[in-house]
Number of protein chains: 4
Amino acid sequence: MNFNSDNVVGASPEIIAALAAANQGAVPSYGEDALTARVTKRFCNLFERDVAVFPVATGTAANALCLAACTPPWGVVYCHREAHVAVDECGAPEFYTGGAKLALLDGEHAKLAPGALDAALASAGGGVVHHAQPAAVSVSQATEAGAVYAPDELAALARVAHAHGAALHVDGARFANALVALGCSAAEATWRAGVDVLSFGATKNGALAAEAIVVFDPALAETIGYRRKRAGHLFSKLRFLSAQLEAYLADDLWLRNARHANAMAARAAEGLARLANRGVTLVHPVEANELFVRLPEPVRAGLAADGFLFHGWGAPPAGPDGGVVRLVTSWCTDPADVAALVARAAHHAGAHP
Amino acid sequence: MNFNSDNVVGASPEIIAALAAANQGAVPSYGEDALTARVTKRFCNLFERDVAVFPVATGTAANALCLAACTPPWGVVYCHREAHVAVDECGAPEFYTGGAKLALLDGEHAKLAPGALDAALASAGGGVVHHAQPAAVSVSQATEAGAVYAPDELAALARVAHAHGAALHVDGARFANALVALGCSAAEATWRAGVDVLSFGATKNGALAAEAIVVFDPALAETIGYRRKRAGHLFSKLRFLSAQLEAYLADDLWLRNARHANAMAARAAEGLARLANRGVTLVHPVEANELFVRLPEPVRAGLAADGFLFHGWGAPPAGPDGGVVRLVTSWCTDPADVAALVARAAHHAGAHP
Amino acid sequence: MNFNSDNVVGASPEIIAALAAANQGAVPSYGEDALTARVTKRFCNLFERDVAVFPVATGTAANALCLAACTPPWGVVYCHREAHVAVDECGAPEFYTGGAKLALLDGEHAKLAPGALDAALASAGGGVVHHAQPAAVSVSQATEAGAVYAPDELAALARVAHAHGAALHVDGARFANALVALGCSAAEATWRAGVDVLSFGATKNGALAAEAIVVFDPALAETIGYRRKRAGHLFSKLRFLSAQLEAYLADDLWLRNARHANAMAARAAEGLARLANRGVTLVHPVEANELFVRLPEPVRAGLAADGFLFHGWGAPPAGPDGGVVRLVTSWCTDPADVAALVARAAHHAGAHP
Amino acid sequence: MNFNSDNVVGASPEIIAALAAANQGAVPSYGEDALTARVTKRFCNLFERDVAVFPVATGTAANALCLAACTPPWGVVYCHREAHVAVDECGAPEFYTGGAKLALLDGEHAKLAPGALDAALASAGGGVVHHAQPAAVSVSQATEAGAVYAPDELAALARVAHAHGAALHVDGARFANALVALGCSAAEATWRAGVDVLSFGATKNGALAAEAIVVFDPALAETIGYRRKRAGHLFSKLRFLSAQLEAYLADDLWLRNARHANAMAARAAEGLARLANRGVTLVHPVEANELFVRLPEPVRAGLAADGFLFHGWGAPPAGPDGGVVRLVTSWCTDPADVAALVARAAHHAGAHP
């Protein structure tokens, strides 16, 4: 009954099996193997165009390499105040870019709004040497509040970014969850909407440790090979990253996993929403696989005592309204756990079944 | 018949099995899991003292983090001219340290010599702001020429390094191969000889992608957690790195793997040494799992045509003596391949059986 | 009639004379000269304690070196949203620290408030590797809004900073202006209030190009010599920086200059304040040598047409209230210019004399 | 009688006078002033083409900014083992480039040789991500051994550099000394020979603290404005750097100063050469304003006791041949000091007049 994160669970059996299957014979190292070539081709098919693909092991590496490819040391990356790149990566973007700035913007549900972005970029002092220079816009898909950008929302941000000479990066740690929520193609959710570079996540959605940097703008890809090597993120036995990605994409495993996670979140949301008159409140729309719920303190404490694991979010509980907690479902969340969560929340909230 | 490197082969079955075994249930992420704690304890036992352990996925990451922990941006790392950190990491030490220098020293069999090291450190301008400052000495164990430092050789280097305020780092990408060659304990080969920090390699010797930074000097460990996270090398599902390391150390798998690799190299060396009068010359002592052999061009070309894979090393072949090639054996080198290599070399060299 | 900045004017004649006087004979380079030693001693006297002193030529260099001495690459510097280090240095703190973050706080008159600072530091995730770590607090004295921190205000910030393990840095580009406004000693305005390191400005107040990094915490001084050299800020003919600083401190030139600048600002403020009923509004208290005035558009345009030079500040004028402009006085502002400014503003505002 | 360096002396009176003359009225800051525009124009005239000019205060800043403009973080700068950028800048190139490497080459009289350079570049692994990539070649004009590159020597190096995609940088801390030795035009000694970017020194040859980055390849100039600001090397009162440069170039002051320094060195060389049979040996040709002389220990000690100041160079004296010392003349070296040096050396060497 662990709802702490989608990274507390293991890997899909298909992916473990793929590792074992890839463990045959001697093959060229550092990505010169046939399996890695197949994965690149698969990504090209998925995105319906030529893309450059760089497998890495962590989302932080993917994000930092993407941003460094777009951003000079005197550049600025515009992102939401709660973005993972801003809050949870111990300054990885700053490290990889050689000291760029992150400009933190507000926005509902951890989404950037085109108007606020435009205002920030317009007042940045572009071209003036006293000021760090707009270089990239980074959005999370799904966002840190569990919301999803529609393609036209991304397109609006891309237009603003590009008008100011900035590239659009998507942190897709939960890209699969977003995509199944949108029901559109991977191409529509990315480059057709103006996205320049994507951190395509797999770890949170069933891989052991695998992400792919997917570059739509060829010019942005030129430096990534050197940056990846220099950062120690070029695996010698790269086939073991590629094998994860191949299995992840094969037979729509990634979409099936994400659909399950989203469905579990929706089910939990539906159950908890019925407790609104008991003070249980969803503070963000549940569009992917995360719930942010305000819980009266007795409910929170009761669920914790029951053994449900989840993280408090933002300010600690104060007063009768309680605080907000985050619940994350995953590719392997047990429906019984969701049912138990809803039932016990109802119990602690004093709702009659 | 691939002797290109010990990273062209896959992983030991035990390690694949360990991944599958670790893939059970939800556990805390980012290294807060029980398996990772067990691995740390195992390293403490192995080294017969408390050590700080940071699992990472690549040797370049391990080396760069180790060196960054010892070296300020205005520091100098002394290493052999052929060291992996100097030649093959696209400037990773420079990146992680924030711009330190590598001072390249000569030395037989890619080993540093205490006298040359002392001379370099003594003339470095320690304490003078115009000059980058001695901070670390990095040696490879086994070296890039396949040689092994005896504990007293390390101790002599450690004394010199410490006398100049520099830390001693060991790039142990092939630490297991060195250790079985030495026949001493892990403690004797490291901190008892004055080593401060070790890149403990596993990838080349049977893991998929796993290394451990092992820190003997507690003061050096303080910044590594932040540096690792910031570099994107803290795995969310860290159990999958730890599982590899646990299986690697269990039942002496690592030592058995290394013994096999070394034995295969020794057998090849023995066979090729018999062709000395035919111009086949071992240019370095074969102490671990690498051979450096000068091959008359017809022998080199003949072996290549036979399908043996290996890399040319250093200057390209010129003149009748031919050039040097590197042959690397691994935990899974087939003895039949070694026998074939020796036999075919003899054939091409015109030796009568 | 140039009120654009205090850096559009030249240097005090005494400082030009000091350069000529210092231009005698051969002396040791790189700060080993007697003049530089005298300057250090003078700073020790001024601050009534031993201090480490590093002359540099620009305020950006002084600030960036100070912050780098306190802040690891994974550190966070807390400062006001409008701080010079955040807005006007093209990312110099990020460059010198190796990629630290600046956390931008709000606060009236560009001052940090202890409560807001404490809240930010308390929620920073200190000790948790996922988050960049609190390292420094930087305040501007006088602030970018022309306000001055009293010693007890600094002490309150220092207590908060130190409680979270962060150092307190003062960007004293206008330290002299602040000090004469406060009427306290340099010691009271700095280390006695808990300040750890100070960018002691001289350029804006009568030097050609000279600032002094003054370090009260000896531990913070250790790396600055290397950092300064490595950044190209160690002058070979350092006597020419020291000569400026010596003349600046001699005979209270620095305080006399600052008193004049402040008096001119006060006189302008007094005159403009009489136009409050005509829509001319001082938006910040005038405590040092800067005025921030909301001018009805006809007044702004009229003054500009008269040839007065000043910068618009913040959002551009919109609607009948006009926008805000900044006026800066200096050590050599002509009282007649101030009188003319006030008179012409009154004229354009339609005030009867 | 200070022959320690050309930076122990002060500034030409013309340059002090120019500072005083520039100290008039209010002018735009940060290089937007008319004087700075005039200086740029003057450099265009001097070099007979459009050039981008960035005044800075130190040679280390000029060099580091030049190299950073050419070299990505994963780049390599090829230079002589004794180059100032390699030995005497505490890692400034590494800092400014974000962690590039310096590859140290040998060569007579501290000059790079085209053949050795070509060999190094050819074996660098260009295009292979494991290796740092050739990016720049940096030569010192005059060299650290006091030698001068002829234009055709530079052209040969430029051809090699450009063939490998590397830019050619000249560290011209003593460019004036080299130019008067060559007797050619500034254009011939730089871009006509293939130089891409030049650190044009003035400090050592009569300025207080002024150098100009001169960029011949417009593409290389794009980032320098941001880099200079970010490094704290954009002076607010930039007129005071420009005034030095204007006076330096006016009426051929720079060439006159350099001619004097070179003449004094030549005279000293001529006098000391007469002591060759007494063991006094010039170890490098004296082409600019530096002498490198092997002195029998009694001569060295005698001169030191007489009060002559100079630095030992390289290995300390050992054995009867003594060690090498460096003697540097300057724009204001007194001919009487040179005469005294020669006479006293003869005396200590036991030569009969």
# chains A, B, ... in the order shown; residues from 1 in each chain; ligands from 1
$ residues_around --residues "stretch 171-177 of chain A" --least-positions-apart "3" --cutoff "9 Å" --atoms "only C-alpha atoms" --output "count of residues only"
35
$ select_by_dssp --residues "stretch 17-189 of chain D" --states "helix (DSSP H, G or I)" --output "number ranges by chain"
D: 17-22, 34-47, 59-70, 84-87, 92-97, 108-110, 114-122, 151-163, 175-182
$ interface_residues --of "chain C" --to "chain B" --cutoff "7 Å" --atoms "only C-alpha atoms" --output "PDB file with N, CA and C atoms, in the first residue's frame"
ATOM      1  N   TRP C  74      26.588  23.242  -5.324  1.00  0.00           N
ATOM      2  CA  TRP C  74      25.208  22.800  -5.044  1.00  0.00           C
ATOM      3  C   TRP C  74      24.549  23.690  -3.975  1.00  0.00           C
ATOM      4  N   GLY C  98      30.398  27.846  -9.703  1.00  0.00           N
ATOM      5  CA  GLY C  98      30.319  26.558 -10.383  1.00  0.00           C
ATOM      6  C   GLY C  98      28.903  26.043 -10.496  1.00  0.00           C
ATOM      7  N   VAL C 129      19.860  15.374  -0.198  1.00  0.00           N
ATOM      8  CA  VAL C 129      20.654  15.493  -1.431  1.00  0.00           C
ATOM      9  C   VAL C 129      19.859  15.891  -2.663  1.00  0.00           C
ATOM     10  N   HIS C 130      18.546  15.784  -2.607  1.00  0.00           N
ATOM     11  CA  HIS C 130      17.761  16.161  -3.782  1.00  0.00           C
ATOM     12  C   HIS C 130      17.724  17.663  -4.009  1.00  0.00           C
ATOM     13  N   GLY C 225      42.181  33.829  -2.775  1.00  0.00           N
ATOM     14  CA  GLY C 225      43.390  34.128  -3.543  1.00  0.00           C
ATOM     15  C   GLY C 225      43.470  33.319  -4.829  1.00  0.00           C
ATOM     16  N   TYR C 226      43.184  32.042  -4.726  1.00  0.00           N
ATOM     17  CA  TYR C 226      43.201  31.199  -5.928  1.00  0.00           C
ATOM     18  C   TYR C 226      42.069  31.588  -6.885  1.00  0.00           C
ATOM     19  N   LYS C 229      42.889  34.862  -8.754  1.00  0.00           N
ATOM     20  CA  LYS C 229      43.891  34.697  -9.805  1.00  0.00           C
ATOM     21  C   LYS C 229      43.291  33.980 -11.008  1.00  0.00           C
TER      22      LYS C 229
END
$ select_by_dssp --residues "stretch 149-207 of chain A" --states "strand (DSSP E)" --output "ChimeraX atom specification"
/A:167-172,197-201
$ closest_residue --among "A:Arg49, A:Thr60, A:Leu168, A:Leu179" --to "A:Arg256" --atoms "only C-alpha atoms"
A:Leu179
$ residues_around --residues "stretch 325-331 of chain D" --least-positions-apart "5" --cutoff "7 Å" --atoms "only C-alpha atoms" --output "ChimeraX atom specification"
/D:3-6,205-206,257-258,260-261,264-265,289-294,310-313
$ atom_distance --atom1 "atom CA of C:Ala273" --atom2 "atom CA of C:Pro317"
19.8 Å
$ closest_residue --among "A:Pro93, A:Gly125, A:Gly183, A:Pro218" --to "A:Ala150" --atoms "only C-alpha atoms"
A:Gly183
$ residues_around --residues "B:Thr36" --least-positions-apart "3" --cutoff "10 Å" --atoms "only C-alpha atoms" --output "list of chain:residue names"
B:Tyr30, B:Gly31, B:Glu32, B:Asp33, B:Val39, B:Thr40, B:Lys41, B:Arg42, B:Val53, B:Phe54, B:Pro55, B:Leu238, B:Arg239, B:Phe240, B:Leu241, B:Ser242, B:Ala243, B:Leu245, B:Glu246
$ write_last_selection --atoms "all heavy atoms" --output "compact mmCIF listing (two decimals), in the first residue's frame"
# COMPACT_ATOMS: atom_id res chain seq x y z
N TYR B 30 15.95 5.82 -4.08
CA TYR B 30 17.16 6.64 -3.89
C TYR B 30 18.11 6.09 -2.83
O TYR B 30 18.79 6.84 -2.13
CB TYR B 30 16.77 8.09 -3.55
CG TYR B 30 16.03 8.76 -4.67
CD1 TYR B 30 14.68 9.11 -4.53
CD2 TYR B 30 16.65 9.02 -5.89
CE1 TYR B 30 13.99 9.71 -5.58
CE2 TYR B 30 15.96 9.62 -6.94
CZ TYR B 30 14.64 9.97 -6.77
OH TYR B 30 13.95 10.55 -7.81
N GLY B 31 18.12 4.76 -2.68
CA GLY B 31 19.13 4.16 -1.83
C GLY B 31 18.74 4.00 -0.38
O GLY B 31 19.56 3.57 0.44
N GLU B 32 17.49 4.30 -0.06
CA GLU B 32 17.04 4.12 1.32
C GLU B 32 16.53 2.70 1.57
O GLU B 32 15.94 2.41 2.61
CB GLU B 32 15.92 5.13 1.64
CG GLU B 32 16.30 6.58 1.42
CD GLU B 32 17.38 7.04 2.38
OE1 GLU B 32 17.30 6.70 3.58
OE2 GLU B 32 18.34 7.70 1.92
N ASP B 33 16.77 1.81 0.65
CA ASP B 33 16.26 0.45 0.75
C ASP B 33 17.21 -0.46 1.51
O ASP B 33 18.41 -0.16 1.66
CB ASP B 33 16.03 -0.11 -0.66
CG ASP B 33 17.32 -0.10 -1.47
OD1 ASP B 33 17.83 1.00 -1.75
OD2 ASP B 33 17.85 -1.19 -1.77
N VAL B 39 24.50 -3.89 1.07
CA VAL B 39 25.69 -3.76 0.23
C VAL B 39 26.75 -2.94 0.93
O VAL B 39 27.95 -3.27 0.92
CB VAL B 39 25.32 -3.17 -1.15
CG1 VAL B 39 26.56 -2.70 -1.89
CG2 VAL B 39 24.58 -4.21 -1.97
N THR B 40 26.34 -1.85 1.54
CA THR B 40 27.31 -1.03 2.28
C THR B 40 28.00 -1.85 3.35
O THR B 40 29.22 -1.81 3.51
CB THR B 40 26.59 0.19 2.91
OG1 THR B 40 26.09 1.01 1.86
CG2 THR B 40 27.56 1.00 3.77
N LYS B 41 27.19 -2.61 4.06
CA LYS B 41 27.76 -3.44 5.12
C LYS B 41 28.75 -4.45 4.55
O LYS B 41 29.81 -4.71 5.12
CB LYS B 41 26.61 -4.16 5.84
CG LYS B 41 27.01 -4.67 7.19
CD LYS B 41 25.79 -5.03 8.03
CE LYS B 41 26.24 -5.68 9.33
NZ LYS B 41 25.09 -6.30 10.03
N ARG B 42 28.40 -4.99 3.41
CA ARG B 42 29.28 -5.97 2.79
C ARG B 42 30.62 -5.33 2.41
O ARG B 42 31.68 -5.95 2.55
CB ARG B 42 28.59 -6.54 1.55
CG ARG B 42 29.15 -7.84 1.07
CD ARG B 42 28.41 -8.33 -0.16
NE ARG B 42 27.30 -9.20 0.14
CZ ARG B 42 27.41 -10.54 0.27
NH1 ARG B 42 28.62 -11.11 0.20
NH2 ARG B 42 26.36 -11.27 0.49
N VAL B 53 29.99 4.21 0.91
CA VAL B 53 29.82 3.56 -0.40
C VAL B 53 28.75 4.31 -1.20
O VAL B 53 27.67 4.58 -0.68
CB VAL B 53 29.39 2.10 -0.23
CG1 VAL B 53 29.21 1.43 -1.59
CG2 VAL B 53 30.41 1.34 0.61
N PHE B 54 29.07 4.61 -2.44
CA PHE B 54 28.12 5.27 -3.33
C PHE B 54 28.05 4.49 -4.64
O PHE B 54 28.95 4.59 -5.47
CB PHE B 54 28.56 6.70 -3.63
CG PHE B 54 28.68 7.59 -2.42
CD1 PHE B 54 29.85 7.60 -1.67
CD2 PHE B 54 27.62 8.39 -2.02
CE1 PHE B 54 29.96 8.41 -0.55
CE2 PHE B 54 27.72 9.21 -0.91
CZ PHE B 54 28.90 9.21 -0.17
N PRO B 55 27.00 3.69 -4.82
CA PRO B 55 26.89 2.96 -6.09
C PRO B 55 26.57 3.91 -7.24
O PRO B 55 25.73 4.80 -7.10
CB PRO B 55 25.72 2.00 -5.85
CG PRO B 55 25.55 1.94 -4.37
CD PRO B 55 25.96 3.29 -3.87
N LEU B 238 17.46 2.54 -6.93
CA LEU B 238 18.87 2.24 -6.68
C LEU B 238 19.07 0.76 -6.33
O LEU B 238 20.17 0.21 -6.49
CB LEU B 238 19.41 3.15 -5.56
CG LEU B 238 20.90 3.09 -5.25
CD1 LEU B 238 21.75 3.25 -6.49
CD2 LEU B 238 21.28 4.15 -4.24
N ARG B 239 18.02 0.14 -5.87
CA ARG B 239 18.15 -1.31 -5.57
C ARG B 239 18.74 -2.09 -6.73
O ARG B 239 19.38 -3.12 -6.52
CB ARG B 239 16.78 -1.89 -5.21
CG ARG B 239 15.76 -1.76 -6.30
CD ARG B 239 14.53 -2.64 -6.02
NE ARG B 239 13.29 -1.88 -6.09
CZ ARG B 239 12.09 -2.44 -6.03
NH1 ARG B 239 11.98 -3.76 -5.88
NH2 ARG B 239 11.00 -1.73 -6.09
N PHE B 240 18.53 -1.60 -7.96
CA PHE B 240 19.02 -2.38 -9.10
C PHE B 240 20.52 -2.21 -9.33
O PHE B 240 21.14 -3.04 -9.98
CB PHE B 240 18.22 -2.04 -10.37
CG PHE B 240 16.79 -2.51 -10.31
CD1 PHE B 240 15.73 -1.62 -10.37
CD2 PHE B 240 16.50 -3.86 -10.16
CE1 PHE B 240 14.41 -2.06 -10.31
CE2 PHE B 240 15.18 -4.32 -10.10
CZ PHE B 240 14.13 -3.41 -10.16
N LEU B 241 21.09 -1.16 -8.83
CA LEU B 241 22.55 -1.10 -8.78
C LEU B 241 23.07 -1.96 -7.63
O LEU B 241 24.03 -2.71 -7.76
CB LEU B 241 23.05 0.34 -8.59
CG LEU B 241 22.94 1.30 -9.77
CD1 LEU B 241 23.55 2.65 -9.39
CD2 LEU B 241 23.64 0.74 -11.00
N SER B 242 22.41 -1.81 -6.49
CA SER B 242 22.87 -2.53 -5.31
C SER B 242 22.77 -4.04 -5.51
O SER B 242 23.64 -4.80 -5.05
CB SER B 242 22.06 -2.09 -4.09
OG SER B 242 22.26 -0.69 -3.88
N ALA B 243 21.71 -4.47 -6.18
CA ALA B 243 21.54 -5.91 -6.42
C ALA B 243 22.71 -6.46 -7.23
O ALA B 243 23.20 -7.57 -6.98
CB ALA B 243 20.22 -6.17 -7.14
N LEU B 245 25.74 -5.26 -7.26
CA LEU B 245 26.94 -5.26 -6.42
C LEU B 245 26.87 -6.39 -5.39
O LEU B 245 27.88 -7.03 -5.09
CB LEU B 245 27.11 -3.91 -5.72
CG LEU B 245 27.46 -2.76 -6.67
CD1 LEU B 245 27.33 -1.41 -5.95
CD2 LEU B 245 28.86 -2.93 -7.26
N GLU B 246 25.67 -6.64 -4.86
CA GLU B 246 25.53 -7.72 -3.88
C GLU B 246 25.89 -9.07 -4.51
O GLU B 246 26.67 -9.85 -3.95
CB GLU B 246 24.12 -7.74 -3.31
CG GLU B 246 23.99 -8.71 -2.14
CD GLU B 246 22.62 -8.63 -1.47
OE1 GLU B 246 21.60 -8.75 -2.17
OE2 GLU B 246 22.58 -8.47 -0.25
$ residues_around --residues "B:Pro320" --least-positions-apart "6" --cutoff "10 Å" --atoms "only C-alpha atoms" --output "list of chain:residue names"
B:Gly279, B:Leu295, B:Pro296, B:Glu297, B:Pro298
$ residues_around --residues "A:Arg344" --least-positions-apart "6" --cutoff "10 Å" --atoms "only C-alpha atoms" --output "PDB file with C-alpha atoms, in the first residue's frame"
ATOM      1  CA  VAL A 299      -8.015  11.057   7.964  1.00  0.00           C
ATOM      2  CA  GLY A 302      -5.711   7.249  10.229  1.00  0.00           C
ATOM      3  CA  LEU A 303      -4.482   6.240   6.809  1.00  0.00           C
ATOM      4  CA  ASP A 306      -3.349   1.795   8.577  1.00  0.00           C
ATOM      5  CA  PHE A 308      -0.697   3.513   3.708  1.00  0.00           C
ATOM      6  CA  VAL A 338      -6.881   1.534  -4.152  1.00  0.00           C
ATOM      7  CA  GLY A 350     -16.733   9.309   9.222  1.00  0.00           C
ATOM      8  CA  ALA A 351     -18.591   8.755   6.010  1.00  0.00           C
TER       9      ALA A 351
END
